[in-house]
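Undergrad: Coordinates in structure_11.csv, CSV, C-alpha atoms and all ligand atoms, are listed below.
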chain,number,residue,atom,x,y,z
A,1,MET,CA,-14.6,15.9,-6.6
A,2,ARG,CA,-15.1,12.9,-4.3
A,3,ILE,CA,-12.2,11.4,-2.4
A,4,VAL,CA,-12.2,7.9,-0.9
A,5,ASP,CA,-9.4,7.4,1.6
A,6,LEU,CA,-7.7,4.0,1.2
A,7,SER,CA,-5.0,4.5,3.9
A,8,ARG,CA,-4.6,2.8,7.3
A,9,ASP,CA,-4.5,5.0,10.4
A,10,LEU,CA,-1.0,5.3,11.7
A,11,TYR,CA,-0.7,5.1,15.5
A,12,HIS,CA,1.5,3.9,18.2
A,13,ARG,CA,2.1,0.1,17.9
A,14,THR,CA,-0.2,-0.4,14.9
A,15,PRO,CA,0.7,-3.7,13.3
A,16,SER,CA,4.0,-3.7,11.3
A,17,TYR,CA,5.3,-6.5,9.1
A,18,PRO,CA,6.6,-9.5,11.0
A,19,GLY,CA,10.3,-9.1,11.6
A,20,GLN,CA,10.4,-5.4,10.8
A,21,PRO,CA,10.7,-2.6,13.4
A,22,PRO,CA,7.6,-1.5,15.3
A,23,ILE,CA,5.7,1.6,14.5
A,24,ILE,CA,6.3,4.1,17.3
A,25,HIS,CA,4.5,7.5,17.7
A,26,GLY,CA,5.0,9.5,20.9
A,27,ILE,CA,5.1,13.0,22.4
A,28,TRP,CA,8.5,14.7,22.1
A,29,LYS,CA,7.4,17.9,23.7
A,30,THR,CA,4.1,19.1,25.2
A,31,HIS,CA,2.6,22.6,24.8
A,32,GLU,CA,3.5,23.3,28.5
A,33,GLU,CA,7.1,22.0,28.1
A,34,SER,CA,7.8,24.1,25.1
A,35,PHE,CA,7.7,27.3,27.2
A,36,VAL,CA,11.2,26.4,28.5
A,37,ASP,CA,12.5,27.3,25.0
A,38,SER,CA,13.8,30.9,25.2
A,39,GLY,CA,11.5,33.3,23.5
A,40,ASN,CA,8.4,31.1,23.3
A,41,VAL,CA,5.3,33.0,24.2
A,42,HIS,CA,2.9,30.3,22.9
A,43,GLY,CA,3.2,26.6,23.5
A,44,ASN,CA,3.9,24.3,20.5
A,45,MET,CA,3.5,20.5,20.8
A,46,VAL,CA,5.8,18.2,18.8
A,47,MET,CA,5.4,14.5,18.3
A,48,PHE,CA,7.9,12.0,16.8
A,49,PHE,CA,7.6,8.7,15.0
A,50,SER,CA,9.8,5.8,14.0
A,51,MET,CA,8.8,3.2,11.5
A,52,PRO,CA,10.1,0.9,8.8
A,53,ASP,CA,9.8,2.3,5.3
A,54,HIS,CA,7.3,-0.5,4.7
A,55,GLY,CA,5.0,0.6,7.6
A,56,GLY,CA,1.3,1.2,7.2
A,57,THR,CA,-0.2,1.8,3.8
A,58,HIS,CA,3.0,2.0,1.6
A,59,ILE,CA,4.5,1.5,-1.9
A,60,ASP,CA,7.4,-0.9,-2.4
A,61,ALA,CA,10.2,0.7,-4.4
A,62,PRO,CA,11.8,-1.6,-6.9
A,63,ARG,CA,15.0,-1.3,-4.7
A,64,HIS,CA,13.2,-3.5,-2.2
A,65,PHE,CA,13.3,-6.4,-4.6
A,66,GLY,CA,17.0,-6.1,-5.6
A,67,MET,CA,19.9,-3.6,-5.7
A,68,SER,CA,19.2,-3.1,-9.4
A,69,GLY,CA,15.8,-1.7,-8.6
A,70,THR,CA,15.0,2.0,-8.4
A,71,PRO,CA,15.0,3.5,-4.9
A,72,ILE,CA,12.0,5.4,-3.7
A,73,ASP,CA,13.5,8.9,-4.1
A,74,GLN,CA,13.9,8.2,-7.8
A,75,TYR,CA,10.6,6.3,-8.4
A,76,PRO,CA,8.7,8.2,-11.1
A,77,LEU,CA,6.0,10.5,-9.7
A,78,GLU,CA,4.0,9.9,-12.9
A,79,ASN,CA,3.4,6.4,-11.5
A,80,CYS,CA,1.9,7.8,-8.3
A,81,ILE,CA,-1.0,9.6,-9.9
A,82,VAL,CA,-2.6,7.1,-12.3
A,83,PRO,CA,-6.0,5.8,-13.4
A,84,GLY,CA,-7.2,2.8,-11.5
A,85,ILE,CA,-9.9,0.2,-11.1
A,86,CYS,CA,-10.8,-2.0,-8.1
A,87,ILE,CA,-11.8,-5.7,-8.5
A,88,ASP,CA,-13.7,-7.9,-6.1
A,89,LEU,CA,-11.8,-11.0,-4.9
A,90,ARG,CA,-13.5,-11.4,-1.5
A,91,HIS,CA,-14.6,-14.9,-2.5
A,92,ILE,CA,-11.0,-16.1,-2.5
A,93,PRO,CA,-10.3,-18.0,0.8
A,94,PRO,CA,-7.7,-16.8,3.3
A,95,LYS,CA,-4.1,-17.9,2.4
A,96,ALA,CA,-5.2,-19.0,-1.1
A,97,GLU,CA,-3.5,-18.0,-4.4
A,98,ILE,CA,-5.2,-15.6,-6.7
A,99,THR,CA,-4.8,-16.9,-10.3
A,100,PRO,CA,-5.0,-15.3,-13.7
A,101,ALA,CA,-8.5,-16.8,-14.2
A,102,ASP,CA,-9.6,-15.2,-10.9
A,103,LEU,CA,-8.3,-11.8,-12.1
A,104,ASP,CA,-9.9,-12.2,-15.5
A,105,ALA,CA,-13.3,-13.1,-14.1
A,106,ALA,CA,-13.1,-10.2,-11.5
A,107,VAL,CA,-12.2,-7.7,-14.2
A,108,LYS,CA,-15.1,-8.8,-16.4
A,109,LYS,CA,-17.4,-8.6,-13.4
A,110,ALA,CA,-16.2,-5.0,-12.7
A,111,GLY,CA,-17.2,-4.1,-16.2
A,112,VAL,CA,-14.4,-1.6,-16.8
A,113,PRO,CA,-11.1,-2.2,-18.6
A,114,ILE,CA,-7.7,-2.2,-16.9
A,115,PRO,CA,-6.3,1.3,-17.7
A,116,LYS,CA,-3.0,1.4,-19.5
A,117,LYS,CA,-0.2,2.8,-17.2
A,118,GLY,CA,-2.7,2.5,-14.4
A,119,THR,CA,-3.3,0.4,-11.3
A,120,VAL,CA,-5.5,-2.5,-10.3
A,121,LEU,CA,-6.6,-2.6,-6.7
A,122,LEU,CA,-7.4,-6.1,-5.4
A,123,CYS,CA,-10.1,-6.1,-2.8
A,124,THR,CA,-9.6,-9.4,-1.0
A,125,GLY,CA,-11.6,-8.3,2.1
A,126,HIS,CA,-8.6,-9.2,4.3
A,127,HIS,CA,-8.2,-5.9,6.1
A,128,ALA,CA,-12.0,-5.7,6.9
A,129,ARG,CA,-12.0,-9.4,8.1
A,130,THR,CA,-8.8,-9.4,10.3
A,131,PHE,CA,-7.4,-6.0,11.1
A,132,PRO,CA,-5.8,-5.5,13.7
A,133,GLY,CA,-5.9,-9.1,14.9
A,134,PRO,CA,-2.9,-11.4,14.7
A,135,SER,CA,-4.3,-13.1,11.5
A,136,TYR,CA,-3.9,-9.8,9.7
A,137,SER,CA,-0.2,-10.5,9.5
A,138,THR,CA,-0.5,-14.1,8.2
A,139,ASP,CA,-3.7,-15.2,6.6
A,140,ASN,CA,-4.1,-13.1,3.5
A,141,SER,CA,-4.9,-14.4,0.0
A,142,GLY,CA,-2.7,-13.0,-2.7
A,143,VAL,CA,-1.6,-13.3,-6.3
A,144,ASN,CA,0.8,-16.0,-7.6
A,145,VAL,CA,3.5,-15.4,-10.1
A,146,ALA,CA,1.3,-16.2,-13.1
A,147,ALA,CA,-1.2,-13.6,-11.9
A,148,THR,CA,1.5,-11.1,-11.4
A,149,GLU,CA,2.6,-11.7,-15.0
A,150,TRP,CA,-1.0,-11.4,-16.1
A,151,LEU,CA,-1.3,-8.0,-14.5
A,152,ALA,CA,2.0,-6.8,-15.9
A,153,GLN,CA,1.0,-7.9,-19.4
A,154,ARG,CA,-1.9,-5.5,-19.2
A,155,GLY,CA,0.4,-2.5,-19.0
A,156,ILE,CA,-0.2,-1.5,-15.4
A,157,VAL,CA,2.5,0.3,-13.4
A,158,HIS,CA,1.5,-1.3,-10.1
A,159,PHE,CA,-1.2,-3.1,-8.3
A,160,GLY,CA,-2.5,-2.7,-4.8
A,161,ILE,CA,-3.8,-5.0,-2.1
A,162,ASP,CA,-5.6,-4.7,1.3
A,163,SER,CA,-3.1,-6.9,3.1
A,164,MET,CA,0.6,-6.8,4.2
A,165,ARG,CA,1.9,-8.7,1.2
A,166,PRO,CA,0.9,-9.2,-2.4
A,167,GLY,CA,1.1,-13.0,-2.4
A,168,PRO,CA,0.2,-15.6,0.2
A,169,GLU,CA,2.7,-15.8,3.0
A,170,GLY,CA,5.9,-17.8,2.2
A,171,LYS,CA,7.6,-18.8,-1.0
A,172,VAL,CA,4.9,-17.5,-3.3
A,173,ASN,CA,5.0,-14.0,-1.8
A,174,SER,CA,8.8,-14.0,-2.2
A,175,LEU,CA,8.6,-15.1,-5.9
A,176,VAL,CA,5.9,-12.4,-6.5
A,177,HIS,CA,8.3,-9.8,-5.3
A,178,LYS,CA,11.1,-11.1,-7.6
A,179,ALA,CA,8.6,-11.2,-10.5
A,180,CYS,CA,7.7,-7.5,-9.9
A,181,LEU,CA,11.4,-6.6,-10.3
A,182,ASP,CA,11.7,-8.8,-13.5
A,183,LEU,CA,8.5,-7.4,-15.0
A,184,GLY,CA,9.2,-3.7,-14.2
A,185,ILE,CA,6.1,-3.2,-12.0
A,186,THR,CA,5.6,-2.7,-8.3
A,187,HIS,CA,2.8,-3.0,-5.7
A,188,ILE,CA,1.1,-1.2,-2.9
A,189,GLU,CA,0.5,-2.9,0.4
A,190,SER,CA,-1.8,-2.5,3.4
A,191,LEU,CA,-4.5,-0.6,1.6
A,192,CYS,CA,-7.9,-0.5,3.3
A,193,ASN,CA,-11.5,0.5,2.5
A,194,LEU,CA,-11.3,-1.0,-1.0
A,195,GLU,CA,-14.9,-2.2,-0.6
A,196,ALA,CA,-16.0,1.4,-1.1
A,197,LEU,CA,-14.6,1.3,-4.7
A,198,ILE,CA,-16.4,-1.9,-5.9
A,199,GLY,CA,-18.8,-1.1,-8.7
A,200,GLN,CA,-17.6,2.5,-8.9
A,201,GLY,CA,-15.8,2.2,-12.2
A,202,GLU,CA,-12.5,4.0,-13.0
A,203,PHE,CA,-11.0,6.6,-10.6
A,204,ARG,CA,-7.8,8.4,-10.3
A,205,PHE,CA,-5.4,6.8,-7.8
A,206,ILE,CA,-3.0,9.0,-5.9
A,207,GLY,CA,-0.3,7.7,-3.6
A,208,LEU,CA,2.8,9.9,-3.3
A,209,PRO,CA,5.8,8.5,-1.4
A,210,LEU,CA,8.1,10.4,0.9
A,211,LYS,CA,11.5,11.3,-0.7
A,212,TRP,CA,13.7,8.9,1.4
A,213,ARG,CA,17.2,8.9,-0.2
A,214,GLU,CA,17.9,5.4,-1.5
A,215,GLY,CA,14.8,4.2,0.4
A,216,THR,CA,13.2,0.8,-0.3
A,217,GLY,CA,9.6,2.0,0.0
A,218,SER,CA,7.5,4.7,1.7
A,219,PRO,CA,4.3,5.2,3.5
A,220,ILE,CA,1.8,6.9,1.2
A,221,ARG,CA,-1.6,8.6,1.7
A,222,ALA,CA,-3.5,6.5,-0.8
A,223,VAL,CA,-6.7,7.9,-2.1
A,224,ALA,CA,-9.2,7.3,-5.0
A,225,VAL,CA,-10.5,10.5,-6.6
A,226,PHE,CA,-13.8,10.6,-8.5
A,227,ASP,CA,-14.2,13.7,-10.6
A,228,LEU,CA,-17.8,14.9,-10.7
B,1,ZN,ZN,5.9,-5.9,-1.0
Reformat the file's structure so that it appears as structure tokens.

TA:
Amino acid sequence: MRIVDLSRDLYHRTPSYPGQPPIIHGIWKTHEESFVDSGNVHGNMVMFFSMPDHGGTHIDAPRHFGMSGTPIDQYPLENCIVPGICIDLRHIPPKAEITPADLDAAVKKAGVPIPKKGTVLLCTGHHARTFPGPSYSTDNSGVNVAATEWLAQRGIVHFGIDSMRPGPEGKVNSLVHKACLDLGITHIESLCNLEALIGQGEFRFIGLPLKWREGTGSPIRAVAVFDL
């Protein structure tokens, strides 16, 4: 079994989505301090974190798109371990819309069909080009509504992208989120290392969310698994 890690490192003040809370990771108690606890004969260090449920590599729960959508604690786990393919969209310029024709050409070039009830990971090259600079938060290419519909019509449960949002920043991204709710799919954001999957054929995608009650999303440890 070969595993490719597709997850961003989480660390203190790693970029979070504009307007959302920062990602905080700090020391709550050091090994030395823990000796003040009665009965401790060996020091144990504890850290703490605070972050939005859309921090780092994460899946959007349908609840994020509207109150009729499923919250993350009720999102089907069957959708979190699914067959997947990765397509190369690195030629699409920053901030541009990815269209159905772009997707169709990239899937043909990948040479593997889109798996039913699976996922399609969109390698735009955005993370590799911009992270962790300021343009990481703004300059991504992304699907438009027609491309979102094109993906849903192929029977996927979600798609993933190596940027903070599935569509280009602004109105298109907002409409893509609404389309996901209407179409019964969702998406995974802030993936990285998708370049390692290009030309590799089908894999098993795993990205299990935390069980936040009524949550609108969750960080995931996203991986691609190749069975040997
Ligand atoms: Zn989203």

Undergrad: Would you write out, as a tab-separated table, a table of all residues in chain A that have an atom no more than 8 Å from an atom of ligand ZN 1 (chain B), listing for each the closest atom pair and the distance in Å to one decimal, considering only C-alpha atoms and all ligand atoms and ordering rows by chain and rising residue number?

TA:
residue	atom	partner	partner_atom	distance
A:His54	CA	B:ZN1	ZN	8.0
A:Ile59	CA	B:ZN1	ZN	7.6
A:Asp60	CA	B:ZN1	ZN	5.4
A:His64	CA	B:ZN1	ZN	7.8
A:Met164	CA	B:ZN1	ZN	7.5
A:Arg165	CA	B:ZN1	ZN	5.4
A:Pro166	CA	B:ZN1	ZN	6.2
A:His177	CA	B:ZN1	ZN	6.3
A:Thr186	CA	B:ZN1	ZN	8.0
A:His187	CA	B:ZN1	ZN	6.3
A:Ile188	CA	B:ZN1	ZN	7.0
A:Glu189	CA	B:ZN1	ZN	6.3

Undergrad: Rank nothing, just name the residue among A:Ala196, A:Cys86, A:Ala110, A:Val172 nearest to A:Val4, using all atoms listed in the file.

TA: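 Closest to A:Val4, using all atoms listed in the file: A:Ala196.
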
Undergrad: Once you count only C-alpha atoms, which residues end up no further than 10 Å from (9.0, 4.2, 6.7) in the file's frame, shown as a count of residues only?

TA: 21

Undergrad: Restricting the calculation to all atoms listed in the file, which member of A:Val112, A:Leu10, A:Leu89, A:Met47 is positioned closest to A:His31?

TA: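 For A:His31, the nearest of the candidates is A:Met47.
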
Undergrad: Can you list, as a VMD selection string, every protein, DNA or RNA residue that comes within 10 Å of A:Val225 when you count only C-alpha atoms, leaving out same-chain residues fewer than 2 positions away?

TA: chain A and resid 1 to 5 83 to 84 202 to 206 222 to 223 227 to 228

Undergrad: Rounded to one decimal place, report the atom CA of A:Leu151-atom CA of A:Ser135 distance in Å.

TA: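 Spanning atom CA of A:Leu151 to atom CA of A:Ser135 is a straight-line distance of 26.7 Å.
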
Undergrad: Give me, as CSV, each residue of stretch 192-218 of chain A that comes within 10 Å of stretch 127-134 of chain A, together with its shortest interatomic pair and the distance in Å at one decimal, counting only C-alpha atoms, with rows ordered by chain and rising residue number.

TA:
residue,atom,partner,partner_atom,distance
A:Cys192,CA,A:His127,CA,6.1
A:Asn193,CA,A:Ala128,CA,7.6
A:Leu194,CA,A:His127,CA,9.2
A:Glu195,CA,A:Ala128,CA,8.8

Undergrad: Could you dump the residues just selected with C-alpha atoms as a PDB file, in the coordinates of the input?

TA:
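Written file, selection-v4.pdb:
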ATOM      1  CA  CYS A 192      -7.900  -0.500   3.300  1.00  0.00           C
ATOM      2  CA  ASN A 193     -11.500   0.500   2.500  1.00  0.00           C
ATOM      3  CA  LEU A 194     -11.300  -1.000  -1.000  1.00  0.00           C
ATOM      4  CA  GLU A 195     -14.900  -2.200  -0.600  1.00  0.00           C
TER       5      GLU A 195
END

Undergrad: For each of A:His158, A:Ser163, A:Leu103, A:Pro168, take the minimum atom-to-atom distance to A:Tyr75, counting all atoms listed in the file, then give the residue where this is smallest.

TA: A:His158

Undergrad: Between A:Pro94, A:Pro62, A:Gly184, A:Gly43, which has the minimum distance to A:Ser137 (counting only C-alpha atoms)?

TA: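 Nearest candidate to A:Ser137 out of A:Pro94, A:Pro62, A:Gly184, A:Gly43: A:Pro94.
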
Undergrad: Within 7 Å of (-3.8, 1.1, -15.3) (file coordinates; all atoms listed in the file), which protein or nucleic acid residues are there? I'd like them as a list in words.

TA: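 The requested residues, written out, are Val82, Pro83, Gly84, Ile114, Pro115, Lys116, Lys117, Gly118, Thr119, Val120, Gly155, Ile156 and Val157 of chain A.
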
Undergrad: Keeping only C-alpha atoms, write the selected residues to a file as a JSON list (two decimals), in the frame of the given file.

TA:
[["chain", "number", "residue", "atom", "x", "y", "z"],
["A", 82, "VAL", "CA", -2.60, 7.10, -12.30],
["A", 83, "PRO", "CA", -6.00, 5.80, -13.40],
["A", 84, "GLY", "CA", -7.20, 2.80, -11.50],
["A", 114, "ILE", "CA", -7.70, -2.20, -16.90],
["A", 115, "PRO", "CA", -6.30, 1.30, -17.70],
["A", 116, "LYS", "CA", -3.00, 1.40, -19.50],
["A", 117, "LYS", "CA", -0.20, 2.80, -17.20],
["A", 118, "GLY", "CA", -2.70, 2.50, -14.40],
["A", 119, "THR", "CA", -3.30, 0.40, -11.30],
["A", 120, "VAL", "CA", -5.50, -2.50, -10.30],
["A", 155, "GLY", "CA", 0.40, -2.50, -19.00],
["A", 156, "ILE", "CA", -0.20, -1.50, -15.40],
["A", 157, "VAL", "CA", 2.50, 0.30, -13.40]]

Undergrad: Compile the contact shell of A:Gly142 as an MDAnalysis selection string: residues with an atom at most 8 Å away, counting all atoms listed in the file, same-chain residues fewer than 6 positions apart removed.

TA: chainID A and resid 95:98 124 165:168 173

Undergrad: Which residue, A:Glu33, A:Asp162, A:Asp88, A:Asp73, has the smallest gap to A:Arg8 when you use only C-alpha atoms?

TA: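 Of A:Glu33, A:Asp162, A:Asp88, A:Asp73, the one nearest A:Arg8, counting only C-alpha atoms, is A:Asp162.
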
Undergrad: Interatomic distance between atom CA of A:Phe159 and atom CA of A:Val176?

TA: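 Atom CA of A:Val176 lies 11.8 Å from atom CA of A:Phe159.
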
Undergrad: Would you mind reading off the distance between atom CA of A:Ala147 and atom CA of A:Pro76, one decimal, in Å?

TA: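 Separating atom CA of A:Ala147 from atom CA of A:Pro76 is a distance of 24.0 Å.
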